[in-house]
Each structure stands twice: as structure tokens, then as C-alpha cells.
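Here the structure is laid out as C-alpha cells; the discussion comes afterwards.
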Amino acid sequence: MTTASTSTPLSVQSGLSLVEILIALALSSLLISAAFSILADSSQSLNVQKGMNHINETSRFTLETVAREIRKAGYRDDVLINSSTVYPIDNDNQFDAGQSIRGTSRALTLRYQGSGNPADGRVLDCQGNPVPNAQIAVIRLRVVSGNLVCERLGNGWGTSQVLGAHVQGFLFEYGIDTNADGEIDEYRANAAKGAIALSIKNTLVALDKAEFGTDGKTKTNLLQKSFSQLVSVRNNDS
């Protein structure tokens with residue numbers, strides 16, 4: 001008697017070959033590298049945007065502060081009194097009688113009368129001090145060590161206040177009435193003693209820093225932007 005024997009075939013196990021593993025690792029490396037590149041680009045763009053936002057905010061505040069000072073130039077507590085009476089000749093600060101604005105392209109000097117005696121707080125100098133009508137505040141605006149500062153000139157003052165930071169440059173240009181007809185005849189880079197300035201063009205060049213991360217390293221880059229505004233002088237005699 002013979003018995004039939006049955007045989008079960010051995011199961012064949014299969015896996016990844018060395019070549020397939022190397023290909024998978026290479027593809028994974030490419031994907032990871034691309035992901036890090038996208039992340040670095042996003043981080044750089046975010047830093048640039050933050051820097052530009054900071055420039056815009058600080059520059060807007062700086063320009064508005066300067067504009068407020070310019071609009072106060074020539075203010076008189078009593079508008080019926082002639083400017084020449086309120087503002088006498090000031091040889092120390094190079095002002096002619098009735099003149100409230102003078103300066104160069106790099107520095108602006110202006111003066112305005114206060115309000116009330118004692119001061120009622122309606123007129124403040126650029127440092128926040130109330131000015132009474134018995135005083136004439138003489139203010140100088142200029143850039144010092146990357147900051148736009150205001151200084152109140154005269155005895156007992158001489159202190160400065162920062163109005164804006166990250167300032168690379170600040171240029172003043174003066175709209176001058178050359179024949180006293182109340183119209184601007186030309187723009188100049190300076191307003192000398194006796195000049196009648198009816199408007200001032202301010203150009204601010206601001207700088208800020210943005211940190212760019214590259215290959216695990218930090219690199220500082222400078223961002224630069226310029227702003228301009230034209231401010232009319234309000235308080236000239238009509």
C-alpha cells in the first residue's frame with residue numbers, strides 16, 4: 001500500500017533591496033530639504049515684513065510730530081497783534097523781526113508764542129512743557145546719532161528730546177515767498193534770516209534691521225525706506 005505524500009511549498013519572503021532603500025532615503029532628503037527651504041523663506045519674509053511695518057509706524061509718528069511743530073510756528077496768543085511785535089529780532093538764533101522759521105536742509109529752527117499767563121496748556125513745546133504767552137519757545141529739529149531730536153534753545157533749556165529713531169537722514173526744503181505777496185515763489189534748501197517760509201517739505205530716510213536666518217546662521221540686513229510730506233505754515237500775517 002502506497003501513501004500519497006503532499007508537500008507544502010515554502011513561502012517566499014520579499015523586502016526592500018539596498019537600491020530601493022537608498023532611493024527612498026534620497027527622496028526623503030530632498031523633501032526635507034525643500035521643507036526647510038520653504039520654512040527659511042517664510043521666516044525671512046516675515047522678518048522683512050516686521051521690519052517694514054516698524055519703519056512705517058515709527059516714520060509716520062516722526063513725520064506727524066514734526067508737522068505739529070511746523071504748524072505751531074508763528075503762533076500768536078492774540079492774532080490781532082502783528083507778528084513783528086510778538087516776534088522781535090533775535091540775533092542769537094538768527095531770526096528777523098516777525099520771522100518764525102529759518103534753517104538749512106539739515107536743521108530746522110522755529111519759534112512760537114505760548115498761551116495763557118500762567119500757561120493754560122494749549123501750547124506745548126516738543127518736550128511736552130506748557131508755554132505761557134509771556135514766552136517765545138525756540139525749537140530746533142535735527143538728526144543726532146540716528147535719532148531725530150528736538151531741542152529747546154535759550155537760557156535754562158538746552159535739553160533735547162528724541163522724536164524718532166532709526167533715522168538715516170532728514171532733509172528740509174523751504175517754500176519761500178520772495179516778494180511778500182503771500183505766494184510761494186521757489187523752494188530752497190535753506191531759509192536764511194529774513195526769509196518768509198510758507199511751507200516746508202520734509203523728507204525722512206528711515207533704516208531698520210531684519211534678521212535673516214540662513215543655514216542655521218543669523219545675518220543682519222538693513223531695510224531702508226524714504227517718506228516725504230509737505231506742511232503749510234499756518235500763522236503768517238495775512
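Letters A, B, ... mark the chains of the C-alpha cells in the order given; residue numbers begin at 1 per chain; ligand numbers begin at 1, in order shown.
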With only C-alpha atoms as the counted atoms, please give the residues lying no more than 6 Å from stretch 76-88 of chain A, apart from itself and same-chain residues fewer than 3 positions off, as a list in words. Ala97, Gly98, Gln113 and Ser115 of chain A
Just write the chosen residues, N, CA, C and O atoms, as a tab-separated table (two decimals), in the first residue's frame.
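And here is the file that came out, part-v4.tsv:
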chain	number	residue	atom	x	y	z
A	97	ALA	N	12.79	140.28	12.60
A	97	ALA	CA	11.52	140.62	13.23
A	97	ALA	C	10.36	140.02	12.44
A	97	ALA	O	10.30	140.11	11.21
A	98	GLY	N	9.45	139.37	13.16
A	98	GLY	CA	8.29	138.74	12.54
A	98	GLY	C	8.56	137.36	11.95
A	98	GLY	O	7.62	136.66	11.56
A	113	GLN	N	4.79	131.45	20.14
A	113	GLN	CA	4.39	132.00	21.43
A	113	GLN	C	3.50	131.00	22.15
A	113	GLN	O	2.82	130.18	21.52
A	115	SER	N	0.48	130.18	25.33
A	115	SER	CA	-0.91	130.59	25.56
A	115	SER	C	-1.17	130.66	27.06
A	115	SER	O	-0.85	129.74	27.81
Closest atom pairs, stretch 113-164 of chain A residues within 8 Å of stretch 58-69 of chain A, only C-alpha atoms, as CSV:
residue,atom,partner,partner_atom,distance
A:Asp125,CA,A:Glu69,CA,7.9
A:Cys126,CA,A:Glu69,CA,7.0
A:Leu148,CA,A:Thr62,CA,8.0
A:Leu163,CA,A:Thr62,CA,5.9
A:Gly164,CA,A:Thr62,CA,5.1
If we count only C-alpha atoms, what is near A:Ala195 at a cut-off of 7 Å, once residues fewer than 3 positions away on the same chain are taken out, given as a VMD selection string? chain A and resid 176 191 to 192
Using all heavy atoms, can you export the residues from the last selection as a compact mmCIF listing (two decimals), in the first residue's frame?
# COMPACT_ATOMS: atom_id res chain seq x y z
N ILE A 176 9.60 129.44 -0.30
CA ILE A 176 9.89 130.83 0.07
C ILE A 176 9.06 131.81 -0.75
O ILE A 176 8.93 131.69 -1.97
CB ILE A 176 11.39 131.14 -0.12
CG1 ILE A 176 12.25 130.17 0.69
CG2 ILE A 176 11.70 132.58 0.26
CD1 ILE A 176 12.05 130.25 2.18
N ALA A 191 16.46 128.51 4.60
CA ALA A 191 15.68 129.72 4.85
C ALA A 191 16.53 130.60 5.76
O ALA A 191 16.64 130.33 6.96
CB ALA A 191 14.35 129.40 5.49
N ALA A 192 17.15 131.61 5.17
CA ALA A 192 18.06 132.46 5.92
C ALA A 192 17.30 133.48 6.76
O ALA A 192 16.07 133.57 6.72
CB ALA A 192 19.01 133.17 4.95
Find the spatial neighbours of A:Ile184, counting only C-alpha atoms, within a cut-off of 7 Å - ignore same-chain residues fewer than 4 positions away - and output them as a PyMOL selection string. chain A and resi 175-177+198
Residue contacts of A:Arg71 (10 Å, only C-alpha atoms) excluding same-chain residues fewer than 4 positions away, as a PyMOL selection string: chain A and resi 66-67+75+112+199+231-235
Could the residues in this selection be written to a file with all heavy atoms, as a JSON list (two decimals), in the first residue's frame?
[["chain", "number", "residue", "atom", "x", "y", "z"],
["A", 66, "VAL", "N", 6.80, 116.21, 13.67],
["A", 66, "VAL", "CA", 7.45, 117.34, 13.02],
["A", 66, "VAL", "C", 6.41, 118.30, 12.44],
["A", 66, "VAL", "O", 6.52, 119.52, 12.56],
["A", 66, "VAL", "CB", 8.41, 116.85, 11.92],
["A", 66, "VAL", "CG1", 8.93, 118.03, 11.10],
["A", 66, "VAL", "CG2", 9.58, 116.09, 12.54],
["A", 67, "ALA", "N", 5.38, 117.74, 11.82],
["A", 67, "ALA", "CA", 4.33, 118.58, 11.23],
["A", 67, "ALA", "C", 3.64, 119.42, 12.29],
["A", 67, "ALA", "O", 3.31, 120.60, 12.06],
["A", 67, "ALA", "CB", 3.31, 117.70, 10.50],
["A", 75, "TYR", "N", 2.78, 131.04, 15.92],
["A", 75, "TYR", "CA", 1.52, 131.16, 16.67],
["A", 75, "TYR", "C", 1.57, 132.39, 17.56],
["A", 75, "TYR", "O", 2.58, 132.68, 18.21],
["A", 75, "TYR", "CB", 1.28, 129.91, 17.51],
["A", 75, "TYR", "CG", 0.10, 130.06, 18.46],
["A", 75, "TYR", "CD1", -1.20, 129.87, 18.00],
["A", 75, "TYR", "CD2", 0.30, 130.40, 19.80],
["A", 75, "TYR", "CE1", -2.28, 130.02, 18.86],
["A", 75, "TYR", "CE2", -0.78, 130.56, 20.66],
["A", 75, "TYR", "CZ", -2.06, 130.36, 20.19],
["A", 75, "TYR", "OH", -3.13, 130.51, 21.04],
["A", 112, "TYR", "N", 7.54, 129.90, 18.45],
["A", 112, "TYR", "CA", 6.12, 130.16, 18.62],
["A", 112, "TYR", "C", 5.85, 130.66, 20.03],
["A", 112, "TYR", "O", 6.58, 130.34, 20.98],
["A", 112, "TYR", "CB", 5.27, 128.94, 18.30],
["A", 112, "TYR", "CG", 5.74, 127.62, 18.88],
["A", 112, "TYR", "CD1", 5.47, 127.26, 20.20],
["A", 112, "TYR", "CD2", 6.45, 126.72, 18.09],
["A", 112, "TYR", "CE1", 5.88, 126.04, 20.71],
["A", 112, "TYR", "CE2", 6.86, 125.50, 18.59],
["A", 112, "TYR", "CZ", 6.58, 125.16, 19.90],
["A", 112, "TYR", "OH", 7.02, 123.95, 20.41],
["A", 199, "SER", "N", 5.85, 127.15, 3.43],
["A", 199, "SER", "CA", 5.66, 125.70, 3.57],
["A", 199, "SER", "C", 7.02, 125.05, 3.70],
["A", 199, "SER", "O", 8.05, 125.64, 3.33],
["A", 199, "SER", "CB", 4.90, 125.11, 2.38],
["A", 199, "SER", "OG", 5.68, 125.18, 1.21],
["A", 231, "VAL", "N", 4.19, 120.46, 4.48],
["A", 231, "VAL", "CA", 3.42, 121.07, 5.57],
["A", 231, "VAL", "C", 3.36, 122.57, 5.34],
["A", 231, "VAL", "O", 4.38, 123.24, 5.15],
["A", 231, "VAL", "CB", 4.08, 120.78, 6.94],
["A", 231, "VAL", "CG1", 3.22, 121.35, 8.06],
["A", 231, "VAL", "CG2", 4.29, 119.28, 7.13],
["A", 232, "SER", "N", 2.16, 123.10, 5.35],
["A", 232, "SER", "CA", 1.96, 124.55, 5.20],
["A", 232, "SER", "C", 2.11, 125.25, 6.54],
["A", 232, "SER", "O", 1.69, 124.73, 7.58],
["A", 232, "SER", "CB", 0.58, 124.84, 4.61],
["A", 232, "SER", "OG", 0.45, 124.31, 3.31],
["A", 233, "VAL", "N", 2.71, 126.42, 6.51],
["A", 233, "VAL", "CA", 2.86, 127.25, 7.72],
["A", 233, "VAL", "C", 1.56, 128.04, 7.88],
["A", 233, "VAL", "O", 1.15, 128.77, 6.97],
["A", 233, "VAL", "CB", 4.07, 128.18, 7.58],
["A", 233, "VAL", "CG1", 4.21, 129.05, 8.83],
["A", 233, "VAL", "CG2", 5.34, 127.37, 7.36],
["A", 234, "ARG", "N", 0.94, 127.92, 9.04],
["A", 234, "ARG", "CA", -0.42, 128.46, 9.23],
["A", 234, "ARG", "C", -0.46, 129.90, 9.69],
["A", 234, "ARG", "O", -1.44, 130.61, 9.45],
["A", 234, "ARG", "CB", -1.16, 127.61, 10.26],
["A", 234, "ARG", "CG", -1.45, 126.18, 9.82],
["A", 234, "ARG", "CD", -2.14, 125.44, 10.95],
["A", 234, "ARG", "NE", -2.60, 124.12, 10.53],
["A", 234, "ARG", "CZ", -3.20, 123.25, 11.35],
["A", 234, "ARG", "NH1", -3.41, 123.59, 12.61],
["A", 234, "ARG", "NH2", -3.59, 122.08, 10.90],
["A", 235, "ASN", "N", 0.56, 130.34, 10.40],
["A", 235, "ASN", "CA", 0.41, 131.55, 11.21],
["A", 235, "ASN", "C", 1.13, 132.78, 10.66],
["A", 235, "ASN", "O", 1.53, 133.65, 11.43],
["A", 235, "ASN", "CB", 0.90, 131.26, 12.63],
["A", 235, "ASN", "CG", 0.13, 130.12, 13.27],
["A", 235, "ASN", "OD1", -1.09, 130.13, 13.30],
["A", 235, "ASN", "ND2", 0.84, 129.11, 13.76]]
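As for atom CA of A:Glu173 and atom CA of A:Phe95, they are spaced 17.7 Å apart.
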Test item, strand (DSSP E or B) assignment across stretch 1-234 of chain A, answer as a short mmCIF file (atom, residue, chain, number, x, y, z; two decimals) with N, CA, C and O atoms, in the first residue's frame:
data_model
loop_
_atom_site.label_atom_id
_atom_site.label_comp_id
_atom_site.auth_asym_id
_atom_site.auth_seq_id
_atom_site.Cartn_x
_atom_site.Cartn_y
_atom_site.Cartn_z
N ASP A 90 15.87 138.43 16.79
CA ASP A 90 16.60 137.52 17.68
C ASP A 90 17.93 137.20 17.00
O ASP A 90 18.03 136.27 16.19
N PHE A 95 16.98 135.19 13.79
CA PHE A 95 15.63 135.49 13.32
C PHE A 95 15.48 136.98 13.10
O PHE A 95 15.89 137.80 13.95
N ILE A 101 10.39 131.00 11.13
CA ILE A 101 11.04 129.79 10.61
C ILE A 101 12.31 130.17 9.89
O ILE A 101 12.34 131.09 9.09
N ARG A 102 13.37 129.47 10.20
CA ARG A 102 14.61 129.57 9.43
C ARG A 102 15.31 128.22 9.54
O ARG A 102 14.96 127.38 10.36
N GLY A 103 16.32 128.02 8.70
CA GLY A 103 17.03 126.76 8.82
C GLY A 103 17.78 126.39 7.56
O GLY A 103 17.81 127.12 6.57
N ALA A 107 18.83 121.13 9.39
CA ALA A 107 18.32 121.55 10.70
C ALA A 107 17.29 122.65 10.52
O ALA A 107 17.50 123.60 9.76
N LEU A 108 16.18 122.50 11.23
CA LEU A 108 15.09 123.47 11.18
C LEU A 108 14.95 124.13 12.54
O LEU A 108 14.90 123.45 13.57
N THR A 109 14.92 125.47 12.55
CA THR A 109 14.70 126.22 13.78
C THR A 109 13.43 127.04 13.62
O THR A 109 13.25 127.71 12.60
N LEU A 110 12.56 126.97 14.61
CA LEU A 110 11.30 127.71 14.55
C LEU A 110 10.96 128.25 15.94
O LEU A 110 11.54 127.83 16.94
N ARG A 111 10.02 129.19 15.96
CA ARG A 111 9.62 129.75 17.25
C ARG A 111 8.11 130.02 17.26
O ARG A 111 7.51 130.30 16.22
N TYR A 112 7.54 129.90 18.45
CA TYR A 112 6.12 130.16 18.62
C TYR A 112 5.85 130.66 20.03
O TYR A 112 6.58 130.34 20.98
N GLN A 113 4.79 131.45 20.14
CA GLN A 113 4.39 132.00 21.43
C GLN A 113 3.50 131.00 22.15
O GLN A 113 2.82 130.18 21.52
N LEU A 124 2.12 123.41 23.86
CA LEU A 124 3.21 122.65 24.47
C LEU A 124 4.39 122.66 23.53
O LEU A 124 4.23 122.57 22.31
N PRO A 130 4.39 123.09 28.94
CA PRO A 130 3.44 124.15 28.59
C PRO A 130 4.17 125.48 28.45
O PRO A 130 5.05 125.81 29.23
N ILE A 136 8.52 132.96 24.33
CA ILE A 136 8.66 132.52 22.94
C ILE A 136 9.53 131.25 22.98
O ILE A 136 10.69 131.31 23.38
N ALA A 137 8.94 130.13 22.59
CA ALA A 137 9.71 128.89 22.54
C ALA A 137 10.47 128.83 21.23
O ALA A 137 9.88 128.97 20.16
N VAL A 138 11.78 128.64 21.32
CA VAL A 138 12.62 128.48 20.13
C VAL A 138 13.05 127.03 20.04
O VAL A 138 13.71 126.51 20.95
N ILE A 139 12.65 126.36 18.96
CA ILE A 139 12.81 124.91 18.82
C ILE A 139 13.70 124.61 17.62
O ILE A 139 13.54 125.20 16.55
N ARG A 140 14.63 123.69 17.81
CA ARG A 140 15.46 123.23 16.70
C ARG A 140 15.27 121.73 16.51
O ARG A 140 15.31 120.96 17.47
N LEU A 141 15.07 121.32 15.26
CA LEU A 141 14.91 119.91 14.90
C LEU A 141 16.09 119.50 14.03
O LEU A 141 16.41 120.18 13.04
N ARG A 142 16.72 118.39 14.37
CA ARG A 142 17.84 117.90 13.58
C ARG A 142 18.10 116.43 13.92
O ARG A 142 17.54 115.89 14.90
N VAL A 143 18.95 115.78 13.13
CA VAL A 143 19.29 114.38 13.34
C VAL A 143 20.60 114.29 14.12
O VAL A 143 21.60 114.91 13.75
N VAL A 144 20.58 113.51 15.20
CA VAL A 144 21.77 113.28 16.02
C VAL A 144 21.90 111.78 16.27
O VAL A 144 21.00 111.17 16.87
N ASN A 147 18.97 109.58 15.41
CA ASN A 147 17.70 109.96 16.01
C ASN A 147 17.34 111.39 15.58
O ASN A 147 18.21 112.26 15.53
N LEU A 148 16.06 111.60 15.29
CA LEU A 148 15.59 112.96 15.08
C LEU A 148 15.25 113.53 16.45
O LEU A 148 14.42 112.98 17.18
N VAL A 149 15.91 114.63 16.81
CA VAL A 149 15.73 115.20 18.14
C VAL A 149 15.23 116.63 18.03
O VAL A 149 15.45 117.32 17.03
N CYS A 150 14.54 117.06 19.05
CA CYS A 150 14.16 118.47 19.18
C CYS A 150 14.89 119.04 20.38
O CYS A 150 15.08 118.37 21.39
N GLU A 151 15.30 120.29 20.22
CA GLU A 151 15.99 120.99 21.30
C GLU A 151 15.31 122.33 21.51
O GLU A 151 15.01 123.03 20.54
N ARG A 152 15.04 122.66 22.75
CA ARG A 152 14.52 123.99 23.05
C ARG A 152 15.70 124.87 23.41
O ARG A 152 16.43 124.62 24.38
N LEU A 153 15.91 125.91 22.62
CA LEU A 153 17.06 126.77 22.79
C LEU A 153 16.76 127.90 23.76
O LEU A 153 15.61 128.26 23.97
N SER A 160 17.47 118.05 25.03
CA SER A 160 16.95 117.52 23.77
C SER A 160 16.00 116.36 24.04
O SER A 160 16.10 115.68 25.07
N GLN A 161 15.10 116.14 23.11
CA GLN A 161 14.10 115.06 23.21
C GLN A 161 14.08 114.31 21.88
O GLN A 161 13.99 114.92 20.82
N VAL A 162 14.17 112.98 21.94
CA VAL A 162 14.13 112.16 20.74
C VAL A 162 12.70 112.11 20.21
O VAL A 162 11.77 111.74 20.93
N LEU A 163 12.53 112.48 18.94
CA LEU A 163 11.21 112.42 18.30
C LEU A 163 11.05 111.16 17.45
O LEU A 163 9.93 110.72 17.22
N GLY A 164 12.15 110.62 16.96
CA GLY A 164 12.08 109.43 16.11
C GLY A 164 13.42 108.76 16.01
O GLY A 164 14.46 109.42 15.93
N VAL A 167 16.65 106.88 12.10
CA VAL A 167 16.62 107.90 11.07
C VAL A 167 18.01 108.01 10.44
O VAL A 167 18.98 108.38 11.11
N GLN A 168 18.10 107.69 9.16
CA GLN A 168 19.37 107.84 8.47
C GLN A 168 19.59 109.29 8.03
O GLN A 168 20.71 109.79 8.06
N GLY A 169 18.51 109.95 7.65
CA GLY A 169 18.62 111.34 7.24
C GLY A 169 17.27 112.02 7.25
O GLY A 169 16.23 111.37 7.15
N PHE A 170 17.30 113.33 7.40
CA PHE A 170 16.07 114.12 7.39
C PHE A 170 16.40 115.42 6.68
O PHE A 170 17.25 116.19 7.12
N LEU A 171 15.73 115.69 5.56
CA LEU A 171 16.01 116.87 4.76
C LEU A 171 14.82 117.83 4.80
O LEU A 171 13.67 117.41 4.71
N PHE A 172 15.13 119.12 4.93
CA PHE A 172 14.11 120.16 4.92
C PHE A 172 14.29 121.00 3.65
O PHE A 172 15.39 121.35 3.27
N GLU A 173 13.17 121.31 3.00
CA GLU A 173 13.17 122.18 1.84
C GLU A 173 12.07 123.22 2.04
O GLU A 173 10.94 122.87 2.39
N TYR A 174 12.40 124.49 1.80
CA TYR A 174 11.54 125.59 2.20
C TYR A 174 10.88 126.27 1.00
O TYR A 174 11.56 126.64 0.04
N GLY A 175 9.56 126.40 1.09
CA GLY A 175 8.83 127.17 0.08
C GLY A 175 8.86 128.64 0.46
O GLY A 175 8.21 129.06 1.44
N ILE A 176 9.60 129.44 -0.30
CA ILE A 176 9.89 130.83 0.07
C ILE A 176 9.06 131.81 -0.75
O ILE A 176 8.93 131.69 -1.97
N GLU A 186 9.57 130.02 -4.85
CA GLU A 186 10.58 128.99 -5.12
C GLU A 186 10.81 128.16 -3.87
O GLU A 186 10.48 128.57 -2.75
N TYR A 187 11.38 126.98 -4.10
CA TYR A 187 11.79 126.12 -2.99
C TYR A 187 13.30 126.16 -2.87
O TYR A 187 14.03 126.10 -3.87
N ARG A 188 13.76 126.28 -1.64
CA ARG A 188 15.19 126.37 -1.37
C ARG A 188 15.60 125.34 -0.32
O ARG A 188 14.78 124.87 0.46
N ALA A 191 16.46 128.51 4.60
CA ALA A 191 15.68 129.72 4.85
C ALA A 191 16.53 130.60 5.76
O ALA A 191 16.64 130.33 6.96
N ALA A 197 9.06 131.79 4.89
CA ALA A 197 8.77 130.41 4.50
C ALA A 197 7.29 130.14 4.69
O ALA A 197 6.74 130.31 5.78
N LEU A 198 6.62 129.75 3.60
CA LEU A 198 5.19 129.47 3.64
C LEU A 198 4.88 127.98 3.74
O LEU A 198 3.76 127.60 4.08
N SER A 199 5.85 127.15 3.43
CA SER A 199 5.66 125.70 3.57
C SER A 199 7.02 125.05 3.70
O SER A 199 8.05 125.64 3.33
N ILE A 200 7.02 123.83 4.20
CA ILE A 200 8.27 123.07 4.35
C ILE A 200 8.02 121.65 3.87
O ILE A 200 7.06 120.99 4.29
N LYS A 201 8.89 121.19 2.99
CA LYS A 201 8.85 119.80 2.55
C LYS A 201 9.85 119.00 3.38
O LYS A 201 11.03 119.35 3.44
N ASN A 202 9.37 117.96 4.04
CA ASN A 202 10.21 117.12 4.88
C ASN A 202 10.42 115.77 4.19
O ASN A 202 9.46 115.13 3.77
N THR A 203 11.65 115.34 4.09
CA THR A 203 11.96 114.02 3.54
C THR A 203 12.73 113.22 4.58
O THR A 203 13.82 113.62 5.00
N LEU A 204 12.14 112.13 4.99
CA LEU A 204 12.72 111.27 6.01
C LEU A 204 13.21 109.98 5.37
O LEU A 204 12.48 109.32 4.63
N VAL A 205 14.46 109.62 5.63
CA VAL A 205 15.01 108.34 5.20
C VAL A 205 15.22 107.49 6.46
O VAL A 205 16.01 107.86 7.33
N ALA A 206 14.47 106.39 6.55
CA ALA A 206 14.49 105.56 7.75
C ALA A 206 15.22 104.25 7.48
O ALA A 206 15.16 103.69 6.38
N LEU A 207 15.89 103.74 8.49
CA LEU A 207 16.59 102.46 8.43
C LEU A 207 16.10 101.57 9.55
O LEU A 207 15.80 102.01 10.65
N ASP A 208 16.02 100.27 9.25
CA ASP A 208 15.72 99.30 10.29
C ASP A 208 16.47 98.02 9.97
O ASP A 208 17.00 97.86 8.87
N LYS A 209 16.53 97.09 10.92
CA LYS A 209 17.27 95.85 10.74
C LYS A 209 16.31 94.67 10.70
O LYS A 209 15.31 94.65 11.41
N ALA A 210 16.62 93.70 9.87
CA ALA A 210 15.87 92.45 9.82
C ALA A 210 16.86 91.30 9.92
O ALA A 210 17.91 91.31 9.28
N GLU A 211 16.52 90.30 10.75
CA GLU A 211 17.39 89.15 10.92
C GLU A 211 16.98 88.04 9.96
O GLU A 211 15.86 87.53 10.02
N PHE A 212 17.88 87.67 9.05
CA PHE A 212 17.61 86.60 8.09
C PHE A 212 18.36 85.35 8.52
O PHE A 212 19.59 85.35 8.59
N GLY A 213 17.65 84.27 8.82
CA GLY A 213 18.29 83.01 9.18
C GLY A 213 18.62 82.21 7.94
O GLY A 213 17.75 81.89 7.15
N THR A 214 19.89 81.85 7.74
CA THR A 214 20.32 81.07 6.58
C THR A 214 21.25 79.97 7.05
O THR A 214 22.30 80.24 7.63
N LYS A 217 22.43 80.07 10.46
CA LYS A 217 23.18 81.26 10.83
C LYS A 217 22.28 82.50 10.72
O LYS A 217 21.37 82.53 9.92
N THR A 218 22.58 83.48 11.55
CA THR A 218 21.80 84.71 11.54
C THR A 218 22.59 85.81 10.86
O THR A 218 23.76 86.04 11.16
N LYS A 219 21.94 86.49 9.94
CA LYS A 219 22.58 87.57 9.20
C LYS A 219 21.71 88.82 9.33
O LYS A 219 20.51 88.77 9.10
N THR A 220 22.35 89.92 9.69
CA THR A 220 21.63 91.18 9.85
C THR A 220 21.64 91.95 8.53
O THR A 220 22.69 92.16 7.94
N ASN A 221 20.47 92.34 8.08
CA ASN A 221 20.33 93.12 6.86
C ASN A 221 19.63 94.43 7.19
O ASN A 221 18.78 94.49 8.07
N LEU A 222 19.97 95.47 6.46
CA LEU A 222 19.37 96.78 6.67
C LEU A 222 18.24 97.01 5.67
O LEU A 222 18.38 96.75 4.48
N LEU A 223 17.13 97.49 6.19
CA LEU A 223 15.99 97.87 5.35
C LEU A 223 15.92 99.39 5.33
O LEU A 223 16.10 100.05 6.35
N GLN A 224 15.67 99.96 4.18
CA GLN A 224 15.64 101.41 4.03
C GLN A 224 14.40 101.84 3.26
O GLN A 224 13.99 101.18 2.32
N LYS A 225 13.80 102.94 3.71
CA LYS A 225 12.63 103.48 3.03
C LYS A 225 12.58 104.98 3.26
O LYS A 225 12.96 105.47 4.33
N SER A 226 12.12 105.72 2.26
CA SER A 226 12.03 107.18 2.39
C SER A 226 10.58 107.62 2.36
O SER A 226 9.73 106.99 1.72
N PHE A 227 10.31 108.71 3.07
CA PHE A 227 8.96 109.29 3.18
C PHE A 227 9.07 110.79 2.99
O PHE A 227 10.06 111.41 3.39
N SER A 228 8.05 111.39 2.39
CA SER A 228 8.03 112.84 2.21
C SER A 228 6.66 113.39 2.59
O SER A 228 5.64 112.70 2.44
N GLN A 229 6.65 114.61 3.08
CA GLN A 229 5.39 115.31 3.35
C GLN A 229 5.61 116.80 3.15
O GLN A 229 6.72 117.31 3.30
N LEU A 230 4.54 117.49 2.81
CA LEU A 230 4.57 118.94 2.62
C LEU A 230 3.65 119.56 3.66
O LEU A 230 2.47 119.22 3.74
N VAL A 231 4.19 120.46 4.48
CA VAL A 231 3.42 121.07 5.57
C VAL A 231 3.36 122.57 5.34
O VAL A 231 4.38 123.24 5.15
N SER A 232 2.16 123.10 5.35
CA SER A 232 1.96 124.55 5.20
C SER A 232 2.11 125.25 6.54
O SER A 232 1.69 124.73 7.58
#
So, counting only C-alpha atoms, which residue among A:Gly158, A:Asn117, A:Gln94, A:Asn236 is closest to A:Lys193? A:Gln94
From a backbone DSSP assignment, name each residue in stretch 50-131 of chain A labelled alpha helix (DSSP H), as a VMD selection string. chain A and resid 50 to 72 83 to 86
Given only C-alpha atoms as the counted atoms, nearest of A:Leu27, A:Gly121, A:Leu18, A:His166 to A:Ile55: A:His166
Provide the atom CA of A:Gly74 to atom CA of A:Ser100 distance in Å, to one decimal place. 5.0 Å
